[in-house]
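So this one's model.cif, mmCIF, C-alpha atoms and all ligand atoms:
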```
data_work
loop_
_atom_site.label_atom_id
_atom_site.label_comp_id
_atom_site.auth_asym_id
_atom_site.auth_seq_id
_atom_site.Cartn_x
_atom_site.Cartn_y
_atom_site.Cartn_z
CA MET A 26 0.00 0.00 0.00
CA ALA A 27 1.35 3.40 -0.93
CA VAL A 28 2.63 5.95 1.54
CA PHE A 29 0.60 9.13 0.92
CA VAL A 30 1.92 12.66 1.30
CA TYR A 31 0.16 16.00 1.13
CA ALA A 32 2.17 18.31 -1.16
CA GLU A 33 1.16 21.81 -0.13
CA ASN A 34 1.19 24.61 -2.66
CA ILE A 35 0.55 28.30 -2.36
CA ASN A 36 -1.39 29.75 -5.28
CA GLY A 37 -0.52 26.59 -7.20
CA VAL A 38 3.24 26.78 -6.53
CA TYR A 39 4.73 24.01 -4.39
CA LYS A 40 6.26 25.04 -1.09
CA LYS A 41 9.75 23.92 -0.11
CA ALA A 42 8.09 22.14 2.84
CA ALA A 43 6.12 20.05 0.33
CA PHE A 44 9.35 18.75 -1.22
CA GLU A 45 10.71 17.94 2.22
CA ALA A 46 7.51 16.05 3.11
CA VAL A 47 7.72 14.06 -0.16
CA ALA A 48 11.38 13.22 0.55
CA TYR A 49 10.41 12.11 4.07
CA ALA A 50 7.53 9.99 2.74
CA LYS A 51 9.97 8.40 0.27
CA ALA A 52 12.29 7.42 3.14
CA ILE A 53 9.33 5.75 4.90
CA ALA A 54 8.23 4.06 1.67
CA ASP A 55 11.74 2.68 1.11
CA LYS A 56 11.70 1.25 4.62
CA ALA A 57 8.29 -0.32 3.97
CA GLY A 58 9.08 -1.52 0.42
CA GLU A 59 6.31 0.74 -0.93
CA THR A 60 5.93 3.73 -3.25
CA VAL A 61 4.87 7.32 -2.58
CA THR A 62 1.65 8.91 -3.78
CA ALA A 63 1.57 12.70 -3.47
CA ILE A 64 -1.70 14.61 -3.24
CA SER A 65 -2.05 18.26 -4.14
CA VAL A 66 -5.01 20.62 -4.40
CA ASN A 67 -5.28 22.81 -7.52
CA PRO A 68 -1.53 22.93 -8.29
CA THR A 69 -0.22 24.86 -11.29
CA ASP A 70 3.35 23.61 -10.87
CA SER A 71 4.44 20.52 -12.78
CA SER A 72 4.30 17.10 -11.08
CA ASP A 73 7.91 16.63 -12.27
CA LEU A 74 8.90 18.65 -9.21
CA LEU A 75 7.42 15.95 -6.97
CA TYR A 76 8.87 13.00 -8.93
CA LYS A 77 12.26 14.55 -8.24
CA TYR A 78 11.85 13.96 -4.49
CA GLY A 79 10.46 10.45 -4.78
CA ALA A 80 6.72 10.58 -5.58
CA SER A 81 5.89 7.82 -8.06
CA ASN A 82 2.27 8.95 -8.33
CA VAL A 83 0.76 12.39 -8.08
CA ILE A 84 -2.96 12.91 -7.58
CA ASN A 85 -3.95 16.44 -8.58
CA ILE A 86 -7.28 17.36 -7.03
CA LYS A 87 -9.14 19.88 -9.15
CA ASP A 88 -11.87 21.60 -7.20
CA GLU A 89 -12.99 25.20 -7.72
CA GLY A 90 -14.51 25.19 -4.22
CA LEU A 91 -11.04 24.65 -2.73
CA LYS A 92 -9.61 27.89 -4.10
CA SER A 93 -10.36 29.24 -0.62
CA PHE A 94 -8.62 27.42 2.27
CA SER A 95 -10.62 25.57 4.89
CA ALA A 96 -9.00 22.83 6.98
CA LYS A 97 -12.21 20.81 7.07
CA ALA A 98 -12.85 20.94 3.32
CA PHE A 99 -9.20 20.15 2.49
CA ALA A 100 -9.23 17.23 4.95
CA GLN A 101 -12.39 15.96 3.26
CA ALA A 102 -10.75 16.21 -0.17
CA VAL A 103 -7.58 14.41 0.97
CA SER A 104 -9.65 11.68 2.67
CA GLU A 105 -11.42 11.00 -0.65
CA VAL A 106 -8.16 10.06 -2.38
CA ALA A 107 -5.75 8.89 0.35
CA ASN A 108 -6.63 5.33 1.25
CA GLY A 109 -3.37 4.30 2.89
CA ASN A 110 -2.32 3.72 6.48
CA ILE A 111 0.49 6.28 6.45
CA ILE A 112 -0.18 9.88 5.42
CA VAL A 113 2.56 12.50 5.72
CA PHE A 114 2.04 16.27 5.94
CA PRO A 115 4.55 19.12 6.20
CA HIS A 116 4.24 20.94 9.55
CA THR A 117 3.10 24.18 7.91
CA THR A 118 0.29 26.32 9.28
CA ASP A 119 -2.29 25.02 6.79
CA ALA A 120 -1.19 21.38 6.72
CA SER A 121 -0.98 21.16 10.50
CA SER A 122 -4.63 22.19 10.68
CA ILE A 123 -5.71 19.70 7.99
CA ALA A 124 -3.85 16.75 9.58
CA PRO A 125 -5.85 16.52 12.85
CA MET A 126 -9.16 16.86 10.99
CA LEU A 127 -8.14 13.99 8.74
CA ALA A 128 -6.98 11.90 11.71
CA VAL A 129 -10.44 12.25 13.27
CA MET A 130 -12.20 11.47 9.97
CA ASN A 131 -10.08 8.32 9.39
CA GLY A 132 -9.74 7.18 13.00
CA HIS A 133 -5.95 7.43 12.53
CA SER A 134 -3.50 8.49 15.21
CA LEU A 135 -1.68 11.79 14.78
CA ILE A 136 2.02 12.41 15.43
CA THR A 137 3.13 15.99 14.84
CA ASN A 138 6.57 17.53 14.34
CA ALA A 139 8.41 14.34 13.42
CA LEU A 140 12.16 14.88 13.32
CA GLU A 141 13.55 11.68 11.85
CA VAL A 142 12.59 8.68 9.77
CA PRO A 143 10.46 6.35 11.98
CA GLU A 144 12.40 3.98 14.21
CA SER A 145 9.88 1.26 13.38
CA LEU A 146 6.81 0.97 11.16
CA SER A 147 5.01 -1.77 13.07
CA PRO A 148 4.28 -0.44 15.59
CA PHE A 149 4.84 3.01 14.10
CA GLN A 150 7.33 4.84 16.31
CA VAL A 151 9.10 8.11 15.59
CA LYS A 152 11.15 10.80 17.34
CA ARG A 153 9.29 14.10 17.54
CA LYS A 154 9.88 17.59 18.83
CA SER A 155 8.25 18.47 22.16
CA PHE A 156 8.10 21.37 24.63
CA SER A 157 8.55 23.99 21.88
CA GLY A 158 11.72 22.31 20.69
CA LYS A 159 13.33 22.10 24.14
CA GLY A 160 12.85 18.33 24.29
CA PHE A 161 12.30 15.19 22.25
CA MET A 162 9.81 12.41 22.56
CA HIS A 163 9.56 8.97 20.99
CA ALA A 164 5.89 8.63 20.03
CA LYS A 165 4.28 5.29 19.25
CA SER A 166 1.03 4.85 17.37
CA GLU A 167 -1.44 2.26 18.66
CA ALA A 168 -3.87 2.79 15.76
CA ALA A 169 -3.85 0.92 12.45
CA GLY A 170 -3.27 4.16 10.52
CA VAL A 171 -1.07 7.12 11.33
CA ILE A 172 -0.85 10.72 10.16
CA ILE A 173 2.51 12.42 10.61
CA THR A 174 3.51 16.04 10.23
CA VAL A 175 7.22 16.62 9.53
CA SER A 176 8.94 19.43 11.40
CA GLN A 177 10.15 21.94 8.81
CA ASN A 178 13.86 21.67 7.91
CA ALA A 179 14.28 18.63 10.19
CA PHE A 180 14.69 16.02 7.46
CA GLY A 181 15.88 18.19 4.59
CA VAL A 182 14.84 18.57 0.97
CA LYS A 183 16.55 15.42 -0.29
CA GLU A 184 16.39 14.58 -3.97
CA ASN A 185 15.50 11.00 -4.83
CA ALA A 186 14.22 11.07 -8.41
CA VAL A 187 11.82 8.42 -9.63
CA SER A 188 9.77 8.17 -12.81
CA GLY A 189 6.23 9.17 -11.97
CA SER A 190 2.72 9.40 -13.30
CA GLU A 191 -0.04 11.90 -12.69
CA GLU A 192 -3.75 11.47 -12.16
CA VAL A 193 -6.33 14.27 -12.08
CA LYS A 194 -9.30 13.91 -9.73
CA ASN A 195 -12.19 16.30 -10.20
CA LEU A 196 -13.93 16.83 -6.88
CA SER A 197 -16.54 19.23 -5.60
CA VAL A 198 -16.17 19.16 -1.83
CA ALA A 199 -18.57 21.34 0.16
CA ASN A 200 -16.58 24.33 1.46
CA GLU A 201 -19.12 26.47 3.22
CA ASP A 202 -17.74 26.84 6.73
CA THR A 203 -14.84 29.19 6.06
CA LYS A 204 -14.39 32.10 3.72
CA VAL A 205 -11.13 34.05 3.40
CA ILE A 206 -12.06 37.70 3.99
CA SER A 207 -8.61 39.18 3.47
CA HIS A 208 -5.09 37.90 3.12
CA GLU A 209 -2.17 39.66 4.77
CA GLN A 210 1.00 39.30 2.74
CA SER A 211 4.31 39.40 4.60
CA SER A 212 6.28 42.54 3.77
CA GLY A 213 9.48 40.54 3.29
CA LYS A 214 10.39 39.24 -0.12
CA LEU A 215 10.75 35.70 1.24
CA ASP A 216 8.33 33.55 3.18
CA LEU A 217 9.78 33.52 6.71
CA LYS A 218 8.80 29.91 7.38
CA GLU A 219 10.34 28.69 4.14
CA ALA A 220 13.55 30.73 4.31
CA GLU A 221 16.93 28.96 4.60
CA VAL A 222 18.49 32.03 6.21
CA VAL A 223 16.79 34.52 8.55
CA VAL A 224 18.16 37.81 9.85
CA SER A 225 16.22 38.84 12.95
CA ALA A 226 16.47 41.89 15.15
CA GLY A 227 15.18 43.06 18.51
CA ARG A 228 14.81 46.08 20.72
CA GLY A 229 18.57 46.56 20.66
CA LEU A 230 18.08 48.30 17.33
CA LYS A 231 16.52 51.30 19.15
CA GLY A 232 13.98 52.24 16.48
CA PRO A 233 12.33 51.33 13.16
CA GLU A 234 14.55 53.77 11.27
CA ASN A 235 17.52 51.46 11.89
CA TRP A 236 16.13 48.42 10.08
CA GLY A 237 17.77 49.41 6.77
CA MET A 238 21.00 47.69 7.82
CA ILE A 239 19.07 44.51 8.73
CA GLU A 240 17.38 44.51 5.32
CA ASP A 241 20.72 45.14 3.59
CA LEU A 242 22.29 42.15 5.35
CA ALA A 243 19.22 40.02 4.55
CA ASN A 244 19.44 41.06 0.89
CA VAL A 245 23.08 40.06 0.46
CA LEU A 246 22.40 36.73 2.16
CA GLY A 247 19.12 36.05 0.31
CA ALA A 248 17.50 35.91 3.75
CA ALA A 249 14.07 36.68 5.18
CA THR A 250 13.74 39.22 8.01
CA ALA A 251 12.22 38.54 11.43
CA CYS A 252 11.91 40.31 14.78
CA SER A 253 11.21 39.84 18.47
CA LYS A 254 7.72 40.30 19.92
CA PRO A 255 8.16 43.76 21.48
CA VAL A 256 9.44 45.07 18.16
CA SER A 257 6.24 44.09 16.39
CA ASP A 258 4.11 45.09 19.40
CA ILE A 259 5.45 48.66 19.27
CA GLY A 260 4.89 48.70 15.51
CA TRP A 261 8.53 48.92 14.40
CA ARG A 262 7.98 45.85 12.23
CA PRO A 263 4.86 43.99 10.99
CA HIS A 264 3.41 41.16 13.09
CA THR A 265 4.10 38.75 10.23
CA GLU A 266 7.80 38.97 11.21
CA HIS A 267 7.32 38.17 14.91
CA VAL A 268 8.97 34.88 15.86
CA GLY A 269 8.76 32.99 19.13
CA GLN A 270 6.30 31.20 21.35
CA THR A 271 3.46 33.55 20.43
CA GLY A 272 4.74 34.24 16.91
CA LYS A 273 6.00 32.06 14.10
CA ALA A 274 8.11 28.99 14.87
CA ILE A 275 10.90 28.71 12.33
CA SER A 276 13.83 26.38 11.72
CA PRO A 277 16.10 27.86 9.06
CA ASN A 278 19.60 26.60 8.38
CA LEU A 279 20.99 29.89 9.67
CA TYR A 280 19.36 32.28 12.18
CA ILE A 281 21.17 35.55 12.85
CA ALA A 282 19.84 37.33 15.96
CA VAL A 283 20.81 40.98 16.30
CA GLY A 284 20.10 42.94 19.49
CA ILE A 285 17.80 40.25 20.87
CA SER A 286 18.26 39.22 24.51
CA GLY A 287 17.22 35.58 24.02
CA ALA A 288 14.22 35.33 26.35
CA ILE A 289 12.81 31.82 26.67
CA GLN A 290 9.66 32.83 24.75
CA HIS A 291 11.78 34.03 21.82
CA LEU A 292 13.95 30.90 21.86
CA ALA A 293 10.84 28.70 21.74
CA GLY A 294 10.27 29.78 18.13
CA VAL A 295 13.84 29.67 16.83
CA ASN A 296 15.80 27.08 18.81
CA SER A 297 15.44 24.38 16.17
CA SER A 298 17.39 26.50 13.67
CA LYS A 299 20.42 24.54 12.44
CA THR A 300 22.97 27.27 13.20
CA ILE A 301 22.38 30.28 15.46
CA VAL A 302 24.56 33.39 15.33
CA VAL A 303 24.02 35.98 18.08
CA ILE A 304 25.20 39.58 17.87
CA ASN A 305 24.72 41.44 21.13
CA SER A 306 26.58 44.20 23.00
CA ASP A 307 25.99 42.52 26.37
CA PRO A 308 28.32 39.53 26.92
CA GLU A 309 25.85 38.27 29.56
CA ALA A 310 22.88 38.20 27.15
CA PRO A 311 21.12 34.84 27.67
CA PHE A 312 20.98 34.22 23.91
CA PHE A 313 24.72 33.42 23.88
CA LYS A 314 23.96 30.17 25.76
CA SER A 315 21.98 28.94 22.75
CA ALA A 316 24.33 30.31 20.10
CA ASP A 317 26.64 28.32 17.83
CA TYR A 318 28.57 31.53 17.15
CA GLY A 319 28.47 34.70 19.21
CA VAL A 320 29.72 38.21 18.52
CA VAL A 321 29.89 40.62 21.46
CA GLY A 322 29.68 44.13 20.14
CA ASP A 323 27.64 47.01 18.84
CA ALA A 324 25.25 45.96 16.07
CA PHE A 325 25.52 49.42 14.52
CA GLN A 326 29.19 48.77 13.79
CA ILE A 327 29.08 45.01 13.17
CA ILE A 328 26.13 44.71 10.79
CA PRO A 329 27.26 47.23 8.11
CA ALA A 330 30.81 45.83 8.27
CA LEU A 331 29.52 42.26 7.95
CA THR A 332 27.31 43.22 5.00
CA GLU A 333 30.24 44.88 3.21
CA LYS A 334 32.47 41.88 3.85
CA ILE A 335 29.88 39.44 2.46
CA LYS A 336 29.33 41.69 -0.58
CA ALA A 337 33.10 41.74 -1.19
CA ILE A 338 33.34 37.93 -0.88
CA LYS A 339 30.35 37.46 -3.21
CA GLY A 340 31.57 40.07 -5.69
C1 LIG A 401 3.54 35.05 27.41
C2 LIG A 401 4.70 35.69 26.72
C3 LIG A 401 4.92 35.37 25.38
C4 LIG A 401 5.99 35.96 24.69
N1 LIG A 401 6.20 35.61 23.38
C5 LIG A 401 7.29 36.10 22.75
C6 LIG A 401 7.59 35.72 21.42
O1 LIG A 401 6.88 34.95 20.79
N2 LIG A 401 8.70 36.25 20.84
C7 LIG A 401 9.53 37.12 21.48
O2 LIG A 401 10.52 37.57 20.88
N3 LIG A 401 9.26 37.51 22.74
C8 LIG A 401 8.16 37.03 23.38
N4 LIG A 401 7.88 37.45 24.65
C9 LIG A 401 8.68 38.54 25.22
C10 LIG A 401 10.00 38.06 25.79
O3 LIG A 401 9.83 37.63 27.12
C11 LIG A 401 11.06 39.20 25.76
O4 LIG A 401 10.54 40.28 26.50
C12 LIG A 401 11.40 39.68 24.36
O5 LIG A 401 11.77 38.58 23.55
C13 LIG A 401 12.55 40.66 24.42
O6 LIG A 401 12.73 41.24 23.17
P1 LIG A 401 14.15 41.78 22.74
O7 LIG A 401 15.16 40.73 22.94
O8 LIG A 401 13.98 42.38 21.38
O9 LIG A 401 14.35 43.03 23.74
P2 LIG A 401 15.24 43.18 25.03
O10 LIG A 401 14.97 42.11 26.03
O11 LIG A 401 15.06 44.59 25.47
O12 LIG A 401 16.74 42.95 24.52
C14 LIG A 401 17.43 43.82 23.70
C15 LIG A 401 18.84 43.28 23.55
O13 LIG A 401 19.55 44.12 22.66
C16 LIG A 401 20.87 44.22 23.16
N5 LIG A 401 21.44 45.47 22.61
C17 LIG A 401 21.18 46.74 22.99
N6 LIG A 401 21.87 47.62 22.22
C18 LIG A 401 22.59 46.88 21.35
C19 LIG A 401 23.50 47.19 20.31
N7 LIG A 401 23.80 48.46 20.00
N8 LIG A 401 24.06 46.17 19.63
C20 LIG A 401 23.79 44.88 19.92
N9 LIG A 401 22.94 44.52 20.89
C21 LIG A 401 22.33 45.51 21.59
C22 LIG A 401 20.74 44.22 24.66
O14 LIG A 401 21.97 43.82 25.27
C23 LIG A 401 19.63 43.22 24.87
O15 LIG A 401 20.15 41.90 25.06
C24 LIG A 401 6.82 36.89 25.36
C25 LIG A 401 6.58 37.17 26.70
C26 LIG A 401 5.54 36.59 27.37
C27 LIG A 401 5.31 36.92 28.81
#
```
This structure in structure tokens:
Amino acid sequence: MAVFVYAENINGVYKKAAFEAVAYAKAIADKAGETVTAISVNPTDSSDLLYKYGASNVINIKDEGLKSFSAKAFAQAVSEVANGNIIVFPHTTDASSIAPMLAVMNGHSLITNALEVPESLSPFQVKRKSFSGKGFMHAKSEAAGVIITVSQNAFGVKENAVSGSEEVKNLSVANEDTKVISHEQSSGKLDLKEAEVVVSAGRGLKGPENWGMIEDLANVLGAATACSKPVSDIGWRPHTEHVGQTGKAISPNLYIAVGISGAIQHLAGVNSSKTIVVINSDPEAPFFKSADYGVVGDAFQIIPALTEKIKAIKG
């Protein structure tokens, strides 16, 4: 029986998290001696992109009613085509609201934020993130079927090309419960949750007029920008950039924190980043305890110099 995976797209374009989820599903399928079937709703991107990460079959759901997102309606659509015992989702905002709905509909168990390939498939057991990334847990499923969400950037976007085929399913799922009234687009050029590199700044920057140097550094690195909670609360930066316990949880390959003290609530949203660089004028700032690299000094001197150095290396 195939391992199913939900390949999330935004306006038809596959997210990086979708490729990671397909690669993760492929690793499970290899362990089980099965193949991967990817499911997507109204994609415009080519299915070739999913074959590249290991999906042998792609089911493209076409449904005009699903142009507007509703977890319940999307779960209903996925349940109509996914008839396997293992269904993988990326741990994105949308997918992690579809997954529990689907688990209830199917009577499957739900394991969120998986970090590694399952330790065993029967019973299904996998290591997952817990306590906002401060701990790990080995979760075991007692149900016949299991739905897993994969923690973003935990497994990696691993290529594993296979030859694939595509099937189009025309559905018309009732989608009456939720209507999108407005859609707030992040001001950054890159989606914060998808970004490989994030440059983030806090109250140490003194005011919104000083964010130019953060954006310059982000531009040379091809990074997204983020901020601490008080910075978005005072209106220096938009709320879409707020990371932490009450903001977005991110796990980029590189997180550069500038003028952020490293409060536990901030760390909760960023501590699963692969590499953390902290720039702070206070050598006692708590963030240094969680840093892979630390620079003690004045951000107003360090950031422009760092940007120039990177530009010179790149140029
Ligand atoms: C329930 C709850 C939920 C919360 N959720 C979140 C959350 O999701 N995200 C979040 O971020 N916070 C959250 N907070 C707030 C959190 O506790 C901290 O207050 C907040 O993270 C501090 O923001 P900051 O580091 O930008 O500011 P500060 O704590 O004021 O730190 C500023 C830092 O800048 C440094 N600095 C100053 N000048 C310079 C300079 N020139 N160069 C370099 N460094 C300099 C200082 O040494 C200091 O370490 C929450 C709090 C509560 C109670």
Which residues, written as a compact mmCIF listing (two decimals) with C-alpha atoms, keeping the file's coordinate frame, have at least one atom at most 10 Å from Lys339 of chain A, with only C-alpha atoms counted and residues fewer than 4 positions away on the same chain left out?
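Contents of the output file result.txt:
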```txt
# COMPACT_ATOMS: atom_id res chain seq x y z
CA VAL A 245 23.08 40.06 0.46
CA LEU A 246 22.40 36.73 2.16
CA GLU A 333 30.24 44.88 3.21
CA LYS A 334 32.47 41.88 3.85
CA ILE A 335 29.88 39.44 2.46
```
- request: Find the residues near ligand LIG 401 (chain A). Use a cut-off of 10 Å, count only C-alpha atoms and all ligand atoms, and write them as number ranges by chain.
  value: A: 225-231, 251-258, 267-274, 282-295, 303-313, 320-328
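Minimum atom-to-atom distances from A:Ser122, A:Asn185, A:Asn34, A:Asn178 to Asn85 of chain A were compared using only C-alpha atoms, and the lowest value belongs to A:Asn34.
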query: What gap, in Å, lies between atom CA of Tyr318 of chain A and atom CA of Ile301 of chain A?
result: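 Answer for the atom CA of Tyr318 of chain A to atom CA of Ile301 of chain A separation: 6.5 Å.
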message: Using Å and a single decimal, report how far atom CA of Val66 of chain A sits from atom CA of Val198 of chain A.
response: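 Distance reported for this atom pair: 11.5 Å.
Nearest residue to Ser315 of chain A, choosing from A:Lys159, A:Ala169, A:Phe99, A:Ser147 and counting only C-alpha atoms: A:Lys159.
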- request: Could you please determine the separation between atom CA of Asn235 of chain A and atom CA of Lys336 of chain A in Å, to one decimal place?
  value: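 According to the coordinates, atom CA of Asn235 of chain A and atom CA of Lys336 of chain A are separated by 19.8 Å.
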query: Using only C-alpha atoms, which of A:Ala57, A:Ala43, A:Ala124, A:Ile259 sits nearest Glu219 of chain A?
result: A:Ala43
message: Residues proximal to (12.4, 27.8, 5.0) were defined as those with any atom within 9 Å of that point in the file's coordinates, counting all atoms listed in the file. Which are they, as a list of chain:residue names?
response: A:Lys41, A:Ala42, A:Gln177, A:Asn178, A:Leu215, A:Asp216, A:Leu217, A:Lys218, A:Glu219, A:Ala220, A:Glu221, A:Val222, A:Val223, A:Ile275, A:Ser276, A:Pro277, A:Asn278
